[in-house]
>>> print(open('query_7.pdb').read())   # PDB, N, CA and C atoms and all ligand atoms
ATOM      1  N   MET A   1       0.853  -1.191   0.000
ATOM      2  CA  MET A   1       0.000   0.000   0.000
ATOM      3  C   MET A   1       0.890   1.243   0.000
ATOM      4  N   SER A   2       0.617   2.182  -0.891
ATOM      5  CA  SER A   2       1.449   3.373  -0.960
ATOM      6  C   SER A   2       1.008   4.399   0.076
ATOM      7  N   THR A   3       1.913   5.277   0.430
ATOM      8  CA  THR A   3       1.611   6.325   1.400
ATOM      9  C   THR A   3       0.789   7.420   0.736
ATOM     10  N   PRO A   4      -0.350   7.796   1.338
ATOM     11  CA  PRO A   4      -1.144   8.876   0.749
ATOM     12  C   PRO A   4      -0.310  10.153   0.601
ATOM     13  N   LYS A   5      -0.595  10.908  -0.466
ATOM     14  CA  LYS A   5       0.171  12.115  -0.752
ATOM     15  C   LYS A   5       0.164  13.090   0.420
ATOM     16  N   CYS A   6      -1.005  13.210   1.101
ATOM     17  CA  CYS A   6      -1.083  14.155   2.201
ATOM     18  C   CYS A   6      -0.100  13.807   3.315
ATOM     19  N   LEU A   7       0.189  12.490   3.464
ATOM     20  CA  LEU A   7       1.127  12.088   4.510
ATOM     21  C   LEU A   7       2.555  12.408   4.107
ATOM     22  N   GLU A   8       2.859  12.200   2.815
ATOM     23  CA  GLU A   8       4.209  12.499   2.347
ATOM     24  C   GLU A   8       4.526  13.976   2.524
ATOM     25  N   GLU A   9       3.523  14.816   2.367
ATOM     26  CA  GLU A   9       3.758  16.253   2.412
ATOM     27  C   GLU A   9       3.491  16.853   3.787
ATOM     28  N   GLY A  10       2.937  16.059   4.709
ATOM     29  CA  GLY A  10       2.541  16.583   5.997
ATOM     30  C   GLY A  10       3.704  17.084   6.825
ATOM     31  N   ARG A  11       3.448  18.155   7.576
ATOM     32  CA  ARG A  11       4.456  18.718   8.458
ATOM     33  C   ARG A  11       3.897  18.767   9.862
ATOM     34  N   THR A  12       4.769  18.650  10.833
ATOM     35  CA  THR A  12       4.330  18.780  12.219
ATOM     36  C   THR A  12       4.227  20.260  12.576
ATOM     37  N   GLY A  13       3.513  20.528  13.661
ATOM     38  CA  GLY A  13       3.466  21.886  14.190
ATOM     39  C   GLY A  13       2.408  22.781  13.588
ATOM     40  N   LEU A  14       1.588  22.256  12.686
ATOM     41  CA  LEU A  14       0.546  23.090  12.075
ATOM     42  C   LEU A  14      -0.767  22.983  12.846
ATOM     43  N   VAL A  15      -1.128  21.774  13.225
ATOM     44  CA  VAL A  15      -2.367  21.538  13.973
ATOM     45  C   VAL A  15      -2.108  20.468  15.040
ATOM     46  N   VAL A  16      -3.024  20.402  15.997
ATOM     47  CA  VAL A  16      -3.032  19.294  16.955
ATOM     48  C   VAL A  16      -4.454  18.759  17.026
ATOM     49  N   PRO A  17      -4.610  17.452  17.277
ATOM     50  CA  PRO A  17      -5.957  16.912  17.438
ATOM     51  C   PRO A  17      -6.458  17.192  18.855
ATOM     52  N   ILE A  18      -7.689  17.633  18.934
ATOM     53  CA  ILE A  18      -8.341  17.862  20.224
ATOM     54  C   ILE A  18      -9.491  16.864  20.342
ATOM     55  N   VAL A  19      -9.515  16.118  21.448
ATOM     56  CA  VAL A  19     -10.539  15.094  21.668
ATOM     57  C   VAL A  19     -11.588  15.626  22.639
ATOM     58  N   ASP A  20     -12.836  15.560  22.225
ATOM     59  CA  ASP A  20     -13.954  15.945  23.078
ATOM     60  C   ASP A  20     -14.304  14.738  23.957
ATOM     61  N   PHE A  21     -13.945  14.811  25.228
ATOM     62  CA  PHE A  21     -14.166  13.669  26.125
ATOM     63  C   PHE A  21     -15.653  13.420  26.394
ATOM     64  N   ASN A  22     -16.498  14.386  26.127
ATOM     65  CA  ASN A  22     -17.940  14.136  26.261
ATOM     66  C   ASN A  22     -18.462  13.234  25.149
ATOM     67  N   ARG A  23     -17.706  13.149  24.071
ATOM     68  CA  ARG A  23     -18.096  12.293  22.947
ATOM     69  C   ARG A  23     -17.270  11.010  22.885
ATOM     70  N   CYS A  24     -15.993  11.102  23.196
ATOM     71  CA  CYS A  24     -15.085   9.960  23.038
ATOM     72  C   CYS A  24     -15.529   8.767  23.884
ATOM     73  N   GLU A  25     -15.490   7.578  23.278
ATOM     74  CA  GLU A  25     -15.817   6.346  23.996
ATOM     75  C   GLU A  25     -14.651   5.371  23.999
ATOM     76  N   GLY A  26     -13.476   5.860  23.657
ATOM     77  CA  GLY A  26     -12.265   5.047  23.742
ATOM     78  C   GLY A  26     -12.283   3.825  22.857
ATOM     79  N   LYS A  27     -12.835   3.966  21.665
ATOM     80  CA  LYS A  27     -12.987   2.797  20.793
ATOM     81  C   LYS A  27     -11.744   2.452  19.984
ATOM     82  N   ASP A  28     -10.694   3.244  20.109
ATOM     83  CA  ASP A  28      -9.394   2.900  19.496
ATOM     84  C   ASP A  28      -9.266   3.172  18.004
ATOM     85  N   ALA A  29     -10.300   3.668  17.347
ATOM     86  CA  ALA A  29     -10.183   3.895  15.900
ATOM     87  C   ALA A  29      -9.045   4.862  15.588
ATOM     88  N   CYS A  30      -8.895   5.889  16.407
ATOM     89  CA  CYS A  30      -7.826   6.867  16.178
ATOM     90  C   CYS A  30      -6.450   6.227  16.344
ATOM     91  N   VAL A  31      -6.319   5.363  17.351
ATOM     92  CA  VAL A  31      -5.047   4.665  17.573
ATOM     93  C   VAL A  31      -4.711   3.819  16.345
ATOM     94  N   ALA A  32      -5.728   3.160  15.807
ATOM     95  CA  ALA A  32      -5.510   2.259  14.668
ATOM     96  C   ALA A  32      -5.111   3.004  13.401
ATOM     97  N   VAL A  33      -5.661   4.186  13.172
ATOM     98  CA  VAL A  33      -5.406   4.849  11.884
ATOM     99  C   VAL A  33      -4.248   5.837  11.899
ATOM    100  N   CYS A  34      -3.909   6.381  13.046
ATOM    101  CA  CYS A  34      -2.866   7.422  13.061
ATOM    102  C   CYS A  34      -1.498   6.825  12.743
ATOM    103  N   PRO A  35      -0.863   7.297  11.667
ATOM    104  CA  PRO A  35       0.445   6.756  11.284
ATOM    105  C   PRO A  35       1.575   7.207  12.202
ATOM    106  N   TYR A  36       1.302   8.159  13.096
ATOM    107  CA  TYR A  36       2.373   8.744  13.916
ATOM    108  C   TYR A  36       2.191   8.508  15.415
ATOM    109  N   ASN A  37       1.350   7.559  15.766
ATOM    110  CA  ASN A  37       1.171   7.160  17.174
ATOM    111  C   ASN A  37       0.867   8.338  18.095
ATOM    112  N   VAL A  38       0.025   9.218  17.631
ATOM    113  CA  VAL A  38      -0.328  10.398  18.424
ATOM    114  C   VAL A  38      -1.196  10.023  19.629
ATOM    115  N   PHE A  39      -2.033   8.981  19.463
ATOM    116  CA  PHE A  39      -3.060   8.690  20.476
ATOM    117  C   PHE A  39      -2.684   7.559  21.431
ATOM    118  N   GLU A  40      -3.305   7.640  22.601
ATOM    119  CA  GLU A  40      -3.217   6.552  23.586
ATOM    120  C   GLU A  40      -4.592   6.478  24.251
ATOM    121  N   VAL A  41      -5.212   5.296  24.243
ATOM    122  CA  VAL A  41      -6.510   5.136  24.909
ATOM    123  C   VAL A  41      -6.270   4.583  26.306
ATOM    124  N   ARG A  42      -6.783   5.293  27.293
ATOM    125  CA  ARG A  42      -6.637   4.864  28.685
ATOM    126  C   ARG A  42      -7.770   5.440  29.525
ATOM    127  N   LYS A  43      -7.785   5.074  30.789
ATOM    128  CA  LYS A  43      -8.814   5.547  31.712
ATOM    129  C   LYS A  43      -8.733   7.069  31.839
ATOM    130  N   ILE A  44      -9.879   7.695  31.867
ATOM    131  CA  ILE A  44      -9.911   9.154  31.975
ATOM    132  C   ILE A  44      -9.353   9.612  33.327
ATOM    133  N   ASP A  45      -8.575  10.702  33.296
ATOM    134  CA  ASP A  45      -8.053  11.276  34.539
ATOM    135  C   ASP A  45      -9.214  11.827  35.370
ATOM    136  N   ARG A  46      -9.041  11.813  36.687
ATOM    137  CA  ARG A  46     -10.082  12.328  37.581
ATOM    138  C   ARG A  46     -10.467  13.771  37.244
ATOM    139  N   SER A  47      -9.460  14.589  37.012
ATOM    140  CA  SER A  47      -9.720  16.010  36.738
ATOM    141  C   SER A  47     -10.517  16.175  35.443
ATOM    142  N   ASP A  48     -10.239  15.342  34.440
ATOM    143  CA  ASP A  48     -10.993  15.422  33.186
ATOM    144  C   ASP A  48     -12.413  14.886  33.379
ATOM    145  N   TYR A  49     -12.532  13.847  34.199
ATOM    146  CA  TYR A  49     -13.861  13.292  34.472
ATOM    147  C   TYR A  49     -14.753  14.348  35.126
ATOM    148  N   ARG A  50     -14.190  15.088  36.073
ATOM    149  CA  ARG A  50     -14.976  16.112  36.783
ATOM    150  C   ARG A  50     -15.520  17.174  35.828
ATOM    151  N   GLU A  51     -14.820  17.398  34.722
ATOM    152  CA  GLU A  51     -15.248  18.430  33.778
ATOM    153  C   GLU A  51     -16.267  17.934  32.745
ATOM    154  N   LEU A  52     -16.582  16.642  32.756
ATOM    155  CA  LEU A  52     -17.575  16.128  31.819
ATOM    156  C   LEU A  52     -18.956  16.680  32.142
ATOM    157  N   SER A  53     -19.783  16.749  31.112
ATOM    158  CA  SER A  53     -21.184  17.116  31.323
ATOM    159  C   SER A  53     -21.897  15.970  32.051
ATOM    160  N   PHE A  54     -23.130  16.208  32.477
ATOM    161  CA  PHE A  54     -23.908  15.159  33.146
ATOM    162  C   PHE A  54     -24.038  13.935  32.232
ATOM    163  N   VAL A  55     -24.419  14.184  30.987
ATOM    164  CA  VAL A  55     -24.563  13.077  30.019
ATOM    165  C   VAL A  55     -23.201  12.424  29.763
ATOM    166  N   GLY A  56     -22.157  13.246  29.682
ATOM    167  CA  GLY A  56     -20.815  12.713  29.467
ATOM    168  C   GLY A  56     -20.396  11.769  30.581
ATOM    169  N   LYS A  57     -20.742  12.093  31.814
ATOM    170  CA  LYS A  57     -20.403  11.221  32.950
ATOM    171  C   LYS A  57     -21.152   9.890  32.854
ATOM    172  N   ILE A  58     -22.402   9.947  32.456
ATOM    173  CA  ILE A  58     -23.170   8.701  32.306
ATOM    174  C   ILE A  58     -22.542   7.845  31.203
ATOM    175  N   LYS A  59     -22.234   8.475  30.058
ATOM    176  CA  LYS A  59     -21.596   7.746  28.960
ATOM    177  C   LYS A  59     -20.271   7.142  29.408
ATOM    178  N   SER A  60     -19.509   7.906  30.178
ATOM    179  CA  SER A  60     -18.205   7.441  30.645
ATOM    180  C   SER A  60     -18.333   6.144  31.444
ATOM    181  N   HIS A  61     -19.357   6.078  32.298
ATOM    182  CA  HIS A  61     -19.565   4.857  33.084
ATOM    183  C   HIS A  61     -19.922   3.679  32.176
ATOM    184  N   VAL A  62     -20.720   3.954  31.156
ATOM    185  CA  VAL A  62     -21.161   2.887  30.252
ATOM    186  C   VAL A  62     -19.985   2.280  29.481
ATOM    187  N   HIS A  63     -19.035   3.130  29.054
ATOM    188  CA  HIS A  63     -17.910   2.591  28.261
ATOM    189  C   HIS A  63     -16.634   2.419  29.092
ATOM    190  N   GLY A  64     -16.781   2.320  30.380
ATOM    191  CA  GLY A  64     -15.636   1.967  31.231
ATOM    192  C   GLY A  64     -14.648   3.084  31.474
ATOM    193  N   GLY A  65     -15.035   4.322  31.159
ATOM    194  CA  GLY A  65     -14.171   5.462  31.444
ATOM    195  C   GLY A  65     -12.951   5.561  30.551
ATOM    196  N   MET A  66     -12.969   4.870  29.418
ATOM    197  CA  MET A  66     -11.812   4.915  28.524
ATOM    198  C   MET A  66     -11.968   6.062  27.514
ATOM    199  N   VAL A  67     -10.883   6.800  27.326
ATOM    200  CA  VAL A  67     -10.877   7.896  26.352
ATOM    201  C   VAL A  67      -9.516   7.953  25.661
ATOM    202  N   ALA A  68      -9.464   8.705  24.576
ATOM    203  CA  ALA A  68      -8.218   8.848  23.817
ATOM    204  C   ALA A  68      -7.487  10.117  24.230
ATOM    205  N   TYR A  69      -6.271   9.945  24.734
ATOM    206  CA  TYR A  69      -5.392  11.086  24.995
ATOM    207  C   TYR A  69      -4.418  11.240  23.829
ATOM    208  N   THR A  70      -3.761  12.382  23.786
ATOM    209  CA  THR A  70      -2.855  12.669  22.666
ATOM    210  C   THR A  70      -1.449  12.985  23.184
ATOM    211  N   PRO A  71      -0.753  11.969  23.732
ATOM    212  CA  PRO A  71       0.568  12.234  24.308
ATOM    213  C   PRO A  71       1.611  12.677  23.280
ATOM    214  N   HIS A  72       1.346  12.387  22.009
ATOM    215  CA  HIS A  72       2.319  12.782  20.978
ATOM    216  C   HIS A  72       1.670  13.721  19.960
ATOM    217  N   ALA A  73       0.879  14.649  20.458
ATOM    218  CA  ALA A  73       0.188  15.601  19.579
ATOM    219  C   ALA A  73       1.166  16.399  18.721
ATOM    220  N   ASP A  74       2.383  16.579  19.209
ATOM    221  CA  ASP A  74       3.374  17.345  18.447
ATOM    222  C   ASP A  74       3.837  16.610  17.186
ATOM    223  N   GLN A  75       3.461  15.331  17.061
ATOM    224  CA  GLN A  75       3.819  14.561  15.871
ATOM    225  C   GLN A  75       2.726  14.581  14.798
ATOM    226  N   CYS A  76       1.615  15.245  15.084
ATOM    227  CA  CYS A  76       0.496  15.287  14.138
ATOM    228  C   CYS A  76       0.900  15.963  12.834
ATOM    229  N   ARG A  77       0.537  15.333  11.717
ATOM    230  CA  ARG A  77       0.827  15.861  10.371
ATOM    231  C   ARG A  77      -0.439  16.329   9.653
ATOM    232  N   ALA A  78      -1.525  16.451  10.374
ATOM    233  CA  ALA A  78      -2.752  17.011   9.808
ATOM    234  C   ALA A  78      -3.338  16.199   8.663
ATOM    235  N   CYS A  79      -3.147  14.890   8.682
ATOM    236  CA  CYS A  79      -3.674  14.077   7.575
ATOM    237  C   CYS A  79      -5.197  13.931   7.647
ATOM    238  N   GLY A  80      -5.761  14.052   8.846
ATOM    239  CA  GLY A  80      -7.208  13.988   9.003
ATOM    240  C   GLY A  80      -7.789  12.590   9.118
ATOM    241  N   LEU A  81      -6.943  11.570   9.103
ATOM    242  CA  LEU A  81      -7.454  10.196   9.164
ATOM    243  C   LEU A  81      -8.225   9.929  10.453
ATOM    244  N   CYS A  82      -7.765  10.472  11.567
ATOM    245  CA  CYS A  82      -8.439  10.226  12.849
ATOM    246  C   CYS A  82      -9.814  10.886  12.873
ATOM    247  N   VAL A  83      -9.912  12.061  12.297
ATOM    248  CA  VAL A  83     -11.196  12.775  12.269
ATOM    249  C   VAL A  83     -12.233  11.953  11.519
ATOM    250  N   LYS A  84     -11.806  11.378  10.382
ATOM    251  CA  LYS A  84     -12.721  10.564   9.570
ATOM    252  C   LYS A  84     -13.049   9.236  10.245
ATOM    253  N   ALA A  85     -12.076   8.673  10.961
ATOM    254  CA  ALA A  85     -12.254   7.331  11.529
ATOM    255  C   ALA A  85     -13.083   7.317  12.806
ATOM    256  N   CYS A  86     -13.102   8.403  13.538
ATOM    257  CA  CYS A  86     -13.768   8.396  14.852
ATOM    258  C   CYS A  86     -15.280   8.213  14.700
ATOM    259  N   PRO A  87     -15.820   7.119  15.253
ATOM    260  CA  PRO A  87     -17.264   6.877  15.101
ATOM    261  C   PRO A  87     -18.114   7.830  15.930
ATOM    262  N   GLU A  88     -17.502   8.496  16.891
ATOM    263  CA  GLU A  88     -18.246   9.423  17.755
ATOM    264  C   GLU A  88     -18.064  10.882  17.341
ATOM    265  N   ARG A  89     -17.319  11.122  16.273
ATOM    266  CA  ARG A  89     -17.018  12.483  15.828
ATOM    267  C   ARG A  89     -16.467  13.324  16.986
ATOM    268  N   ALA A  90     -15.527  12.732  17.694
ATOM    269  CA  ALA A  90     -14.997  13.370  18.902
ATOM    270  C   ALA A  90     -13.712  14.149  18.675
ATOM    271  N   ILE A  91     -13.157  14.053  17.459
ATOM    272  CA  ILE A  91     -11.841  14.671  17.218
ATOM    273  C   ILE A  91     -11.949  15.812  16.222
ATOM    274  N   LYS A  92     -11.281  16.897  16.571
ATOM    275  CA  LYS A  92     -11.134  17.985  15.596
ATOM    276  C   LYS A  92      -9.679  18.428  15.594
ATOM    277  N   LEU A  93      -9.246  18.967  14.465
ATOM    278  CA  LEU A  93      -7.887  19.466  14.341
ATOM    279  C   LEU A  93      -7.915  20.970  14.557
ATOM    280  N   VAL A  94      -7.026  21.429  15.432
ATOM    281  CA  VAL A  94      -6.992  22.842  15.786
ATOM    282  C   VAL A  94      -5.617  23.403  15.448
ATOM    283  N   LYS A  95      -5.603  24.565  14.802
ATOM    284  CA  LYS A  95      -4.342  25.202  14.439
ATOM    285  C   LYS A  95      -3.564  25.591  15.694
ATOM    286  N   VAL A  96      -2.233  25.448  15.607
ATOM    287  CA  VAL A  96      -1.405  25.836  16.758
ATOM    288  C   VAL A  96      -0.689  27.138  16.459
TER     289      VAL A  96
HETATM  290  S1  LIG B   1      -4.542  14.142  11.765
HETATM  291 FE1  LIG B   1      -3.373  12.312  11.089
HETATM  292  S2  LIG B   1      -1.351  12.560  12.041
HETATM  293 FE2  LIG B   1      -2.752  13.959  13.115
HETATM  294  S3  LIG B   1      -3.451  12.792  14.886
HETATM  295 FE3  LIG B   1      -4.976  12.499  13.243
HETATM  296  S4  LIG B   1      -4.340  10.607  12.189
HETATM  297 FE4  LIG B   1      -2.584  11.299  13.445
END
>>> encode(input="query_7.pdb", output="structure tokens")
Amino acid sequence: MSTPKCLEEGRTGLVVPIVDFNRCEGKDACVAVCPYNVFEVRKIDRSDYRELSFVGKIKSHVHGGMVAYTPHADQCRACGLCVKACPERAIKLVKV
């Protein structure tokens, strides 16, 4: 499989992915598609849990409190694969 053109031309430092924890259900699609290992799915931090909406807290309990963090956001090349892959539409790319 060849590398998509957008990946060949992608540069770091233009955007970072932001995950909406009220939507994210930790389903791993972003981990699977990101060519640069930007994401890590793990249990939500207490401080992030406290900031969830009422509905977000209920959803969090249903899916085991797993969400996608972005420990390597600085490696993002703005390819957009994670945005398309997320079944919850929880990811957006934000200019830095
Ligand atoms: S836009 Fe591409 S490089 Fe950036 S986090 Fe999403 S999948 Fe990874």
>>> residues_near_ligand(input="query_7.pdb", ligand="ligand LIG 1 (chain B)", cutoff="8 Å", atoms="all atoms listed in the file", output="number ranges by chain")
A: 7, 15-18, 30-39, 70, 72-73, 75-84, 92-93
>>> atom_distance(input="query_7.pdb", atom1="CA of Ser53 in chain A", atom2="CA of Glu40 in chain A")
22.2 Å
>>> select_by_dssp(input="query_7.pdb", residues="chain A", states="helix (DSSP H, G or I)", output="mmCIF file with N, CA and C atoms, in the frame of the given file")
data_model
loop_
_atom_site.group_PDB
_atom_site.id
_atom_site.type_symbol
_atom_site.label_atom_id
_atom_site.label_comp_id
_atom_site.auth_asym_id
_atom_site.auth_seq_id
_atom_site.Cartn_x
_atom_site.Cartn_y
_atom_site.Cartn_z
ATOM 1 N N LYS A 5 -0.595 10.908 -0.466
ATOM 2 C CA LYS A 5 0.171 12.115 -0.752
ATOM 3 C C LYS A 5 0.164 13.090 0.420
ATOM 4 N N CYS A 6 -1.005 13.210 1.101
ATOM 5 C CA CYS A 6 -1.083 14.155 2.201
ATOM 6 C C CYS A 6 -0.100 13.807 3.315
ATOM 7 N N LEU A 7 0.189 12.490 3.464
ATOM 8 C CA LEU A 7 1.127 12.088 4.510
ATOM 9 C C LEU A 7 2.555 12.408 4.107
ATOM 10 N N GLU A 8 2.859 12.200 2.815
ATOM 11 C CA GLU A 8 4.209 12.499 2.347
ATOM 12 C C GLU A 8 4.526 13.976 2.524
ATOM 13 N N GLU A 9 3.523 14.816 2.367
ATOM 14 C CA GLU A 9 3.758 16.253 2.412
ATOM 15 C C GLU A 9 3.491 16.853 3.787
ATOM 16 N N ALA A 29 -10.300 3.668 17.347
ATOM 17 C CA ALA A 29 -10.183 3.895 15.900
ATOM 18 C C ALA A 29 -9.045 4.862 15.588
ATOM 19 N N CYS A 30 -8.895 5.889 16.407
ATOM 20 C CA CYS A 30 -7.826 6.867 16.178
ATOM 21 C C CYS A 30 -6.450 6.227 16.344
ATOM 22 N N VAL A 31 -6.319 5.363 17.351
ATOM 23 C CA VAL A 31 -5.047 4.665 17.573
ATOM 24 C C VAL A 31 -4.711 3.819 16.345
ATOM 25 N N ALA A 32 -5.728 3.160 15.807
ATOM 26 C CA ALA A 32 -5.510 2.259 14.668
ATOM 27 C C ALA A 32 -5.111 3.004 13.401
ATOM 28 N N VAL A 33 -5.661 4.186 13.172
ATOM 29 C CA VAL A 33 -5.406 4.849 11.884
ATOM 30 C C VAL A 33 -4.248 5.837 11.899
ATOM 31 N N ARG A 46 -9.041 11.813 36.687
ATOM 32 C CA ARG A 46 -10.082 12.328 37.581
ATOM 33 C C ARG A 46 -10.467 13.771 37.244
ATOM 34 N N SER A 47 -9.460 14.589 37.012
ATOM 35 C CA SER A 47 -9.720 16.010 36.738
ATOM 36 C C SER A 47 -10.517 16.175 35.443
ATOM 37 N N ASP A 48 -10.239 15.342 34.440
ATOM 38 C CA ASP A 48 -10.993 15.422 33.186
ATOM 39 C C ASP A 48 -12.413 14.886 33.379
ATOM 40 N N TYR A 49 -12.532 13.847 34.199
ATOM 41 C CA TYR A 49 -13.861 13.292 34.472
ATOM 42 C C TYR A 49 -14.753 14.348 35.126
ATOM 43 N N ARG A 50 -14.190 15.088 36.073
ATOM 44 C CA ARG A 50 -14.976 16.112 36.783
ATOM 45 C C ARG A 50 -15.520 17.174 35.828
ATOM 46 N N PHE A 54 -23.130 16.208 32.477
ATOM 47 C CA PHE A 54 -23.908 15.159 33.146
ATOM 48 C C PHE A 54 -24.038 13.935 32.232
ATOM 49 N N VAL A 55 -24.419 14.184 30.987
ATOM 50 C CA VAL A 55 -24.563 13.077 30.019
ATOM 51 C C VAL A 55 -23.201 12.424 29.763
ATOM 52 N N GLY A 56 -22.157 13.246 29.682
ATOM 53 C CA GLY A 56 -20.815 12.713 29.467
ATOM 54 C C GLY A 56 -20.396 11.769 30.581
ATOM 55 N N LYS A 57 -20.742 12.093 31.814
ATOM 56 C CA LYS A 57 -20.403 11.221 32.950
ATOM 57 C C LYS A 57 -21.152 9.890 32.854
ATOM 58 N N ILE A 58 -22.402 9.947 32.456
ATOM 59 C CA ILE A 58 -23.170 8.701 32.306
ATOM 60 C C ILE A 58 -22.542 7.845 31.203
ATOM 61 N N LYS A 59 -22.234 8.475 30.058
ATOM 62 C CA LYS A 59 -21.596 7.746 28.960
ATOM 63 C C LYS A 59 -20.271 7.142 29.408
ATOM 64 N N SER A 60 -19.509 7.906 30.178
ATOM 65 C CA SER A 60 -18.205 7.441 30.645
ATOM 66 C C SER A 60 -18.333 6.144 31.444
ATOM 67 N N HIS A 61 -19.357 6.078 32.298
ATOM 68 C CA HIS A 61 -19.565 4.857 33.084
ATOM 69 C C HIS A 61 -19.922 3.679 32.176
ATOM 70 N N VAL A 62 -20.720 3.954 31.156
ATOM 71 C CA VAL A 62 -21.161 2.887 30.252
ATOM 72 C C VAL A 62 -19.985 2.280 29.481
ATOM 73 N N ALA A 73 0.879 14.649 20.458
ATOM 74 C CA ALA A 73 0.188 15.601 19.579
ATOM 75 C C ALA A 73 1.166 16.399 18.721
ATOM 76 N N ASP A 74 2.383 16.579 19.209
ATOM 77 C CA ASP A 74 3.374 17.345 18.447
ATOM 78 C C ASP A 74 3.837 16.610 17.186
ATOM 79 N N GLN A 75 3.461 15.331 17.061
ATOM 80 C CA GLN A 75 3.819 14.561 15.871
ATOM 81 C C GLN A 75 2.726 14.581 14.798
ATOM 82 N N LEU A 81 -6.943 11.570 9.103
ATOM 83 C CA LEU A 81 -7.454 10.196 9.164
ATOM 84 C C LEU A 81 -8.225 9.929 10.453
ATOM 85 N N CYS A 82 -7.765 10.472 11.567
ATOM 86 C CA CYS A 82 -8.439 10.226 12.849
ATOM 87 C C CYS A 82 -9.814 10.886 12.873
ATOM 88 N N VAL A 83 -9.912 12.061 12.297
ATOM 89 C CA VAL A 83 -11.196 12.775 12.269
ATOM 90 C C VAL A 83 -12.233 11.953 11.519
ATOM 91 N N LYS A 84 -11.806 11.378 10.382
ATOM 92 C CA LYS A 84 -12.721 10.564 9.570
ATOM 93 C C LYS A 84 -13.049 9.236 10.245
ATOM 94 N N ALA A 85 -12.076 8.673 10.961
ATOM 95 C CA ALA A 85 -12.254 7.331 11.529
ATOM 96 C C ALA A 85 -13.083 7.317 12.806
#
>>> atom_distance(input="query_7.pdb", atom1="CA of Cys24 in chain A", atom2="CA of Arg11 in chain A")
25.9 Å
>>> residues_near_point(input="query_7.pdb", point="(-6.7, 11.2, 33.8)", cutoff="10 Å", atoms="only C-alpha atoms", output="list of chain:residue names")
A:Arg42, A:Lys43, A:Ile44, A:Asp45, A:Arg46, A:Ser47, A:Asp48, A:Tyr49, A:Gly65, A:Met66, A:Val67, A:Tyr69
>>> closest_residue(input="query_7.pdb", among="A:Ala85, A:Leu52, A:Val41, A:Ala90", to="Ala68 in chain A", atoms="only N, CA and C atoms")
A:Val41
>>> atom_distance(input="query_7.pdb", atom1="CA of Lys57 in chain A", atom2="atom N of Glu88 in chain A")
16.5 Å
>>> closest_residue(input="query_7.pdb", among="A:Gly56, A:Pro71, A:Pro87, A:Val62", to="Phe21 in chain A", atoms="all atoms listed in the file")
A:Gly56
>>> residues_near_point(input="query_7.pdb", point="(-6.3, 27.7, 10.7)", cutoff="9 Å", atoms="only C-alpha atoms", output="VMD selection string")
chain A and resid 14 to 15 94 to 96
>>> select_by_dssp(input="query_7.pdb", residues="chain A", states="strand (DSSP E)", output="VMD selection string")
chain A and resid 15 to 19 40 to 43 66 to 69 91 to 95
>>> write_last_selection(input="query_7.pdb", atoms="N, CA and C atoms", output="mmCIF file, in the coordinates of the input")
data_model
loop_
_atom_site.group_PDB
_atom_site.id
_atom_site.type_symbol
_atom_site.label_atom_id
_atom_site.label_comp_id
_atom_site.auth_asym_id
_atom_site.auth_seq_id
_atom_site.Cartn_x
_atom_site.Cartn_y
_atom_site.Cartn_z
ATOM 1 N N VAL A 15 -1.128 21.774 13.225
ATOM 2 C CA VAL A 15 -2.367 21.538 13.973
ATOM 3 C C VAL A 15 -2.108 20.468 15.040
ATOM 4 N N VAL A 16 -3.024 20.402 15.997
ATOM 5 C CA VAL A 16 -3.032 19.294 16.955
ATOM 6 C C VAL A 16 -4.454 18.759 17.026
ATOM 7 N N PRO A 17 -4.610 17.452 17.277
ATOM 8 C CA PRO A 17 -5.957 16.912 17.438
ATOM 9 C C PRO A 17 -6.458 17.192 18.855
ATOM 10 N N ILE A 18 -7.689 17.633 18.934
ATOM 11 C CA ILE A 18 -8.341 17.862 20.224
ATOM 12 C C ILE A 18 -9.491 16.864 20.342
ATOM 13 N N VAL A 19 -9.515 16.118 21.448
ATOM 14 C CA VAL A 19 -10.539 15.094 21.668
ATOM 15 C C VAL A 19 -11.588 15.626 22.639
ATOM 16 N N GLU A 40 -3.305 7.640 22.601
ATOM 17 C CA GLU A 40 -3.217 6.552 23.586
ATOM 18 C C GLU A 40 -4.592 6.478 24.251
ATOM 19 N N VAL A 41 -5.212 5.296 24.243
ATOM 20 C CA VAL A 41 -6.510 5.136 24.909
ATOM 21 C C VAL A 41 -6.270 4.583 26.306
ATOM 22 N N ARG A 42 -6.783 5.293 27.293
ATOM 23 C CA ARG A 42 -6.637 4.864 28.685
ATOM 24 C C ARG A 42 -7.770 5.440 29.525
ATOM 25 N N LYS A 43 -7.785 5.074 30.789
ATOM 26 C CA LYS A 43 -8.814 5.547 31.712
ATOM 27 C C LYS A 43 -8.733 7.069 31.839
ATOM 28 N N MET A 66 -12.969 4.870 29.418
ATOM 29 C CA MET A 66 -11.812 4.915 28.524
ATOM 30 C C MET A 66 -11.968 6.062 27.514
ATOM 31 N N VAL A 67 -10.883 6.800 27.326
ATOM 32 C CA VAL A 67 -10.877 7.896 26.352
ATOM 33 C C VAL A 67 -9.516 7.953 25.661
ATOM 34 N N ALA A 68 -9.464 8.705 24.576
ATOM 35 C CA ALA A 68 -8.218 8.848 23.817
ATOM 36 C C ALA A 68 -7.487 10.117 24.230
ATOM 37 N N TYR A 69 -6.271 9.945 24.734
ATOM 38 C CA TYR A 69 -5.392 11.086 24.995
ATOM 39 C C TYR A 69 -4.418 11.240 23.829
ATOM 40 N N ILE A 91 -13.157 14.053 17.459
ATOM 41 C CA ILE A 91 -11.841 14.671 17.218
ATOM 42 C C ILE A 91 -11.949 15.812 16.222
ATOM 43 N N LYS A 92 -11.281 16.897 16.571
ATOM 44 C CA LYS A 92 -11.134 17.985 15.596
ATOM 45 C C LYS A 92 -9.679 18.428 15.594
ATOM 46 N N LEU A 93 -9.246 18.967 14.465
ATOM 47 C CA LEU A 93 -7.887 19.466 14.341
ATOM 48 C C LEU A 93 -7.915 20.970 14.557
ATOM 49 N N VAL A 94 -7.026 21.429 15.432
ATOM 50 C CA VAL A 94 -6.992 22.842 15.786
ATOM 51 C C VAL A 94 -5.617 23.403 15.448
ATOM 52 N N LYS A 95 -5.603 24.565 14.802
ATOM 53 C CA LYS A 95 -4.342 25.202 14.439
ATOM 54 C C LYS A 95 -3.564 25.591 15.694
#
